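Let me begin by presenting the structure, written as structure tokens, before commenting on it.
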Amino acid sequence: MAILVGLYVIPLFIESPCVRPADSLPSKPRLFAHRGASGVAPENTLVAFQLAANQSVYGFESDVRISLDGIPFILHDKTLRRTTNIEEVYPDRVDDDASTFTFDELRKLNAGSWFLEEDPMDVVGSLTDKTKEIYNNQTIMSLEELIDLANLTGKNIFIDVQIPVKENPYYHTAYKKAVDVILNTGILPKQIWWFSKVYHSAYTTNFTQTGTSYLPVEDLIKLHISNFNARYDTLSEVEILQYRESNITTNVYLVNSYWLFSLYWCLGVQSVTTDECHVLNKIEKPLWHLTPGTYLMTWVSVDIISAIIIITILIVQWVRLLGTRFNPETISLHSQQTMTILTDQYHSTSRPMKENLLFTAD
């Protein structure tokens with residue numbers, strides 16, 4: 001009984017970030033398109049970023065690598081095997097590092113056909129022939145092309161520069177090559193979200209400085225870091241709230257599901273990085289948002305209904321047991337059966353006893 005009472009009472013004391021008055025719900029998190037609209041288009045291609053821009057995203061997220069001739073380009077993997085047709089074009093270089101190719105060599109690769117062939121997001125069946133044709137004609141983008149698109153559409157860019165192999169002549173100056181391209185495009189510095197720890201110079205000071213390793217609020221302020229980029233399972237609710245109260249923006253990656261997006265919305269996260277910008281963009285409210293009054297009434301109603309069901313079951317069982325014990329017909333029938341069994345047992349045992357007595361007498 002104590003356990004049952006506990007189950008009824010405990011939910012009334014559970015605290016949830018999504019149980020709050022409607023007027024205190026934080027603003028909906030802004031969206032960074034992870035490698036473009038990669039949930040519906042081949043990642044890191046022009047069409048993927050164009051589709052993301054059409055979904056009203058806050059910005060683009062991309063990995064940047066440096067070609068053998070010093071051109072920053074857009075690619076996530078170290079090799080070109082997964083997202084290009086390199087096996088057809090350069091069969092002897094399938095597993096070579098992407099930074100060992102010149103940009104002209106990279107441009108000869110198809111960066112969209114793999115998406116149509118493998119259908120990693122299970123969306124190809126819903127594409128029109130025209131869309132398939134567009135996807136099938138995608139090439140590897142340069143950083144300059146991505147920035148031009150961001151400038152045109154007013155989007156921010158989250159840039160993660162990857163160091164090339166040592167054989168690449170720009171091994172020691174990869175970050176500088178990326179910064180030079182950024183500055184030459186004329187994009188507003190604040191539109192560039194830059195990881196402050198990887199490379200810092202006078203030219204990157206005006207970029208939106210972004211931290212990647214947890215630091216107390218005081219340390220972030222000293223380093224002039226106003227944003228923090230965290231994997232979805234690395235920051236606690238308390239840490240998120242501390243950052244928010246100190247005007248430090250938090251971006252969480254990778255958030256693709258409705259429920260996880262709802263949780264971070266309720267926690268007050270300012271932005272998330274996602275593959276599913278075409279889905280999250282349409283969400284109008286968190287999945288579990290309830291006002292305290294609604295939450296209380298919901299649990300009280302559930303408690304009352306479950307209590308009625310339990311009591312009803314107990315009464316039915318009690319009546320059934322009561323009827324079995326005191327029904328006169330049942331008792332009479334049971335008594336007759338008992339007497340018959342006893343009589344049979346008496347006759348079966350008395351005859352042998354009499355025979356034994358007779359034989360003994362003889």
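By order of appearance in the structure tokens: chains A, B, ..., then residues from 1 within every chain, and ligands from 1 in the order shown.
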Next item on the list: Step one, run DSSP on the backbone; step two, keep only residues of region 216-267 of chain A assigned to alpha helix (DSSP H); then write them as an MDAnalysis selection string.
Entry: chainID A and resid 217:222 237:245 258:267
Next item on the list: Could you please write out, as a PyMOL selection string, every residue of region 95-159 of chain A that DSSP assigns to strand (DSSP E or B)?
Entry: chain A and resi 142+156-159
Output file for the selection above: C-alpha atoms, as a PDB file, in the first residue's frame:
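That gives us selection-v1.pdb:
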ATOM      1  CA  SER A 142      34.794  25.834 -52.200  1.00  0.00           C
ATOM      2  CA  ASN A 156      25.765  32.764 -40.348  1.00  0.00           C
ATOM      3  CA  ILE A 157      28.414  30.105 -40.902  1.00  0.00           C
ATOM      4  CA  PHE A 158      29.775  27.666 -38.346  1.00  0.00           C
ATOM      5  CA  ILE A 159      33.240  26.751 -39.638  1.00  0.00           C
TER       6      ILE A 159
END
Item checked: Glu237 (chain A) surroundings by only C-alpha atoms, 10 Å radius, close-in-sequence under 6 positions cut, as a PyMOL selection string -> chain A and resi 17+264+267-269
Write the residues of the selection above to a file with C-alpha atoms, as a PDB file, in the first residue's frame.
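Written out: out09.pdb:
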ATOM      1  CA  PRO A  17      11.923  22.112 -17.657  1.00  0.00           C
ATOM      2  CA  TYR A 264      16.511  21.896 -25.311  1.00  0.00           C
ATOM      3  CA  LEU A 267      15.958  24.468 -21.253  1.00  0.00           C
ATOM      4  CA  GLY A 268      16.506  27.732 -23.103  1.00  0.00           C
ATOM      5  CA  VAL A 269      19.214  26.665 -25.555  1.00  0.00           C
TER       6      VAL A 269
END
Tell me which protein, DNA and RNA residues are within 9 Å of Glu167 (chain A), counting only C-alpha atoms, leaving out same-chain ones fewer than 5 positions away, and put them as a short mmCIF file (atom, residue, chain, number, x, y, z; two decimals) with N, CA, C and O atoms, in the first residue's frame.
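Once everything was written out, this is result.cif:
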data_model
loop_
_atom_site.label_atom_id
_atom_site.label_comp_id
_atom_site.auth_asym_id
_atom_site.auth_seq_id
_atom_site.Cartn_x
_atom_site.Cartn_y
_atom_site.Cartn_z
N LEU A 68 45.46 20.55 -52.13
CA LEU A 68 46.91 20.52 -52.30
C LEU A 68 47.44 21.86 -52.84
O LEU A 68 48.59 22.23 -52.55
N SER A 99 43.00 16.06 -48.82
CA SER A 99 43.91 17.21 -48.93
C SER A 99 45.11 16.93 -49.84
O SER A 99 45.96 17.81 -50.03
N THR A 100 45.16 15.72 -50.42
CA THR A 100 46.23 15.42 -51.37
C THR A 100 45.78 15.66 -52.82
O THR A 100 46.53 15.40 -53.75
#
Notebook entry, point to check: So what do you get for CA of Glu15 (chain A) versus CA of Arg30 (chain A), distance-wise?
Noted result: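 Between CA of Glu15 (chain A) and CA of Arg30 (chain A) the gap is 25.3 Å.
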